[in-house]
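This report refers to the structure that appears directly beneath it.
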Amino acid sequence: MVRVAIIGYGFRGKTFADIIQHNAYAELIAVAEINNKTRMLAKKLNIATYADYTEMLKKEKLDMVIVATPDHLHYAPSLAVVRKGLHLAIEKPLATSVREAELIANTVTRANLKCLVLFGNRWNAPYVETKESIERGELGTITNIDCCLNDTIWVPTKMLSWAKFTTPGWFLLSHCVDMAIWLTEKKVSSVYAVGQKNVLKQLGIDTFDWLIATLKFTDGTAGTFRSCWIYPESMPLLYDFRYELVGTKGAISIDLRDQMIHKMTDTYTHPGIVARPIHRKPFGSGREMLDSFIDNIRLGTEPLVKLEEAVYVTKIIEAVHRSVRERREIRL
């Protein structure tokens with residue numbers, strides 16, 4: 001039985017707790033959460049709860065820890081987990097600087113531990129089908145990519161209390177870039193990006209409303225990646241994720257905007273079909289992702305997301321922000 005703890009019991013932490021509790025080979029032992037009100041919710045799980053993750057790591061006998069802290073707070077708890085000799089699952093992005101990402105990766109490697117960066121779309125059925133289609137040669141050689149991943153303004157203003165410490169680049173574009181790296185196995189040669197701070201800044205949240213990045217790859221492929229998180233809350237779904245790849249023999253277009261259901265009632269809600277439980281059990285890419293990592297630990301197999309790939313995504317997103325700041329193309 002893999003003994004698991006979670007650091008951070010926000011939206012994602014709660015989801016991960018439910019998944020672990022439904023895994024036959026894992027046991028949820030403890031949760032560490034700094035926010036007192038949120039920590040009280042974790043007590044309902046009848047497990048140990050801590051305000052300080054360092055205390056939890058000292059007292060509990062564990063095999064694996066999930067770090068589900070905000071984007072900018074991955075570094076310290078991740079190093080603490082690995083230095084205790086525990087396997088690590090960490091929310092994407094690995095870190096919000098290349099320096100921190102490399103230090104985490106190097107520490108994991110030296111300790112000979114397993115680490116999974118939680119890029120969940122690698123277990124998302126449309127993207128898995130796309131990967132397999134590319135591997136079968138159905139698209140030929142990929143020549144260009146177009147991707148958008150957007151959120152409603154509810155996410156930075158209501159869902160995330162820490163939006164001012166991140167950007168749509170770290171929170172959203174990192175998914176888009178990870179998909180490009182995984183699907184095509186190409187390397188990026190340069191990045192040019194633009195962005196704007198306006199709507200959210202007027203609301204007291206000093207971060208970008210949107211970012212648009214053009215990535216050039218070493219083989220001549222180009223891709224446009226767009227993320228905006230000020231869409232109205234009436235958007236059909238909380239997020240809008242579309243991906244298109246064009247090759248020399250074919251093309252694939254993925255559209256996850258409405259998930260095939262339109263609800264018309266006297267109140268407006270987001271369906272959320274992709275991540276919803278099925279008959280009270282977790283369902284979807286999040287469960288497949290964590291279940292696969294439990295199997296990696298049990299069976300001694302390697303995680304689907306390689307650490308060097310996660311570091312590379314951080315390197316690209318850092319270049320996106322640098323390009324916006326310096327108003328020029330950044331070569332990698």
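By convention in this document, the chains of the structure tokens carry letters A, B, ... by their order, each chain's residues are numbered from 1, and ligands are numbered from 1 in the order they are shown.
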**Message:** List as a list in words the protein and nucleic acid residues near Ile316 of chain A, meaning an atom at most 9 Å away when only C-alpha atoms are counted, but skip any in the same chain fewer than 3 places from it.
**Reply:** Ser174, Val177, Val188, Ser190, Val191, Leu215, Val311, Tyr312, Val313, Ala319, Val320, His321 and Leu332 of chain A
**Request:** Show which residues sit within 9 Å of Leu183 of chain A, as a list in words. Count only C-alpha atoms, and ignore same-chain residues fewer than 5 positions away.
**Result:** Tyr127, Val128, Thr130, Lys131, Glu132, Ile134, Glu135 and Asp178 of chain A
**Shell around segment 43-54 of chain A at 9 Å using only C-alpha atoms, local window under 3 positions removed, as a PyMOL selection string** = chain A and resi 6-8+17+28-36+39-40+57-60+77+80-81
**Asked** Which one is closest to Thr221 of chain A: A:Ile142, A:Ala95, A:Ala89, A:Leu203? Count only C-alpha atoms.
**Response**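 Counting only C-alpha atoms, the residue closest to Thr221 of chain A is A:Ile142.
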**Request:** Apply DSSP to the backbone of this structure and, from segment 56-260 of chain A, keep only the residues in strand (DSSP E or B); write these as a ChimeraX atom specification.
**Result:** /A:64-67,87-91,115-118,142-152,188-196,210-217,222-228,231,239-247,251-255
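Take the candidates A:His87, A:His22, A:Arg12, A:Lys92 and check each one against Lys114 of chain A using only C-alpha atoms; the shortest distance goes to A:His87.
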**Request:** Compare A:Leu200, A:Ala68, A:Ile145, A:Ile181 by their minimum atom-to-atom distance to Glu309 of chain A, counting only C-alpha atoms, and give me the closest one.
**Result:**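 The closest residue to Glu309 of chain A is A:Ile181.
The nearest approach to Arg331 of chain A among the residues A:Phe208, A:Trp154, A:Phe225, A:Phe217, with only C-alpha atoms taken into account, belongs to A:Phe217.
Distance check against Gly223 of chain A using only C-alpha atoms: of A:Asn124, A:Thr248, A:Ser189, A:Gln21, the minimum falls on A:Ser189.
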**Prompt:** Which residues, written as a PyMOL selection string, have at least one atom at most 12 Å from Arg276 of chain A, with only C-alpha atoms counted and residues fewer than 5 positions away on the same chain left out?
**Reply:** chain A and resi 15+18-19+259+270-271+281-287
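Candidate residues A:Ala42, A:Thr157, A:Ile66, A:Ala213 were compared for distance to Ile20 of chain A, and the nearest is A:Ile66, using only C-alpha atoms.
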**Item:** One-decimal distance in Å that lies between atom CA of Met64 of chain A and atom CA of Arg3 of chain A
**Value:** 6.3 Å
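The residues of segment 159-257 of chain A that DSSP assigns to alpha helix (DSSP H) on this backbone come out as A:Pro168, A:Ser174, A:His175, A:Cys176, A:Val177, A:Asp178, A:Met179, A:Ala180, A:Ile181, A:Trp182, A:Leu183, A:Thr184, A:Val199, A:Leu200, A:Lys201, A:Gln202.
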**Asked** Near Ile90 of chain A, counting only C-alpha atoms, which residues have an atom at most 9 Å away, once you skip same-chain residues fewer than 6 positions from it, shown as a PyMOL selection string?
**Response** chain A and resi 65-69+74+78+115-118
**Asked** So which residues touch Asp258 of chain A within 12 Å, counting only C-alpha atoms, skipping near sequence neighbours fewer than 2 positions away, as a ChimeraX atom specification?
**Response** /A:234-242,254-256,260-263,270-274
Got time to write the residues from that selection, N, CA and C atoms, as a compact mmCIF listing (two decimals), in the first residue's frame?
```txt
# COMPACT_ATOMS: atom_id res chain seq x y z
N SER A 234 -20.31 33.67 -18.53
CA SER A 234 -21.35 32.98 -19.29
C SER A 234 -20.79 32.11 -20.41
N MET A 235 -19.47 32.04 -20.56
CA MET A 235 -18.86 31.14 -21.52
C MET A 235 -19.40 29.73 -21.29
N PRO A 236 -19.60 28.93 -22.35
CA PRO A 236 -20.23 27.61 -22.18
C PRO A 236 -19.60 26.72 -21.12
N LEU A 237 -18.31 26.87 -20.89
CA LEU A 237 -17.63 26.07 -19.90
C LEU A 237 -16.65 26.98 -19.17
N LEU A 238 -16.17 26.55 -18.02
CA LEU A 238 -15.20 27.33 -17.26
C LEU A 238 -13.95 27.61 -18.07
N TYR A 239 -13.59 26.68 -18.94
CA TYR A 239 -12.42 26.85 -19.79
C TYR A 239 -12.77 26.57 -21.24
N ASP A 240 -11.90 27.02 -22.13
CA ASP A 240 -12.05 26.86 -23.57
C ASP A 240 -10.71 26.35 -24.09
N PHE A 241 -10.65 25.08 -24.45
CA PHE A 241 -9.39 24.46 -24.86
C PHE A 241 -9.55 23.92 -26.27
N ARG A 242 -8.80 24.52 -27.21
CA ARG A 242 -8.83 24.08 -28.61
C ARG A 242 -7.40 23.89 -29.11
N ILE A 254 -8.94 19.58 -32.15
CA ILE A 254 -9.54 19.20 -30.88
C ILE A 254 -10.30 20.40 -30.32
N ASP A 255 -11.54 20.19 -29.92
CA ASP A 255 -12.36 21.27 -29.38
C ASP A 255 -13.05 20.76 -28.12
N LEU A 256 -12.63 21.28 -26.96
CA LEU A 256 -13.19 20.83 -25.68
C LEU A 256 -14.09 21.88 -25.04
N MET A 260 -20.29 18.55 -25.17
CA MET A 260 -21.48 17.88 -25.73
C MET A 260 -22.74 18.02 -24.90
N ILE A 261 -22.79 18.99 -24.00
CA ILE A 261 -24.01 19.17 -23.22
C ILE A 261 -24.29 20.66 -23.05
N HIS A 262 -25.53 21.04 -23.23
CA HIS A 262 -25.95 22.43 -23.07
C HIS A 262 -27.12 22.46 -22.08
N LYS A 263 -26.92 23.07 -20.93
CA LYS A 263 -27.96 23.13 -19.90
C LYS A 263 -28.68 24.48 -19.97
N HIS A 270 -21.70 25.85 -14.93
CA HIS A 270 -20.80 25.18 -15.85
C HIS A 270 -20.96 23.68 -15.68
N PRO A 271 -21.23 22.93 -16.75
CA PRO A 271 -21.44 21.48 -16.61
C PRO A 271 -20.27 20.74 -15.97
N GLY A 272 -19.05 20.99 -16.42
CA GLY A 272 -17.88 20.32 -15.82
C GLY A 272 -17.88 18.82 -15.99
N ILE A 273 -18.24 18.35 -17.17
CA ILE A 273 -18.40 16.92 -17.39
C ILE A 273 -17.06 16.17 -17.30
N VAL A 274 -15.99 16.79 -17.81
CA VAL A 274 -14.71 16.09 -17.91
C VAL A 274 -14.23 15.59 -16.56
```
**Asked** Hey, can you check how far atom CA of Glu91 of chain A sits from atom CA of Pro70 of chain A?
**Response**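 If I compute the distance from atom CA of Glu91 of chain A to atom CA of Pro70 of chain A, I get 8.4 Å.
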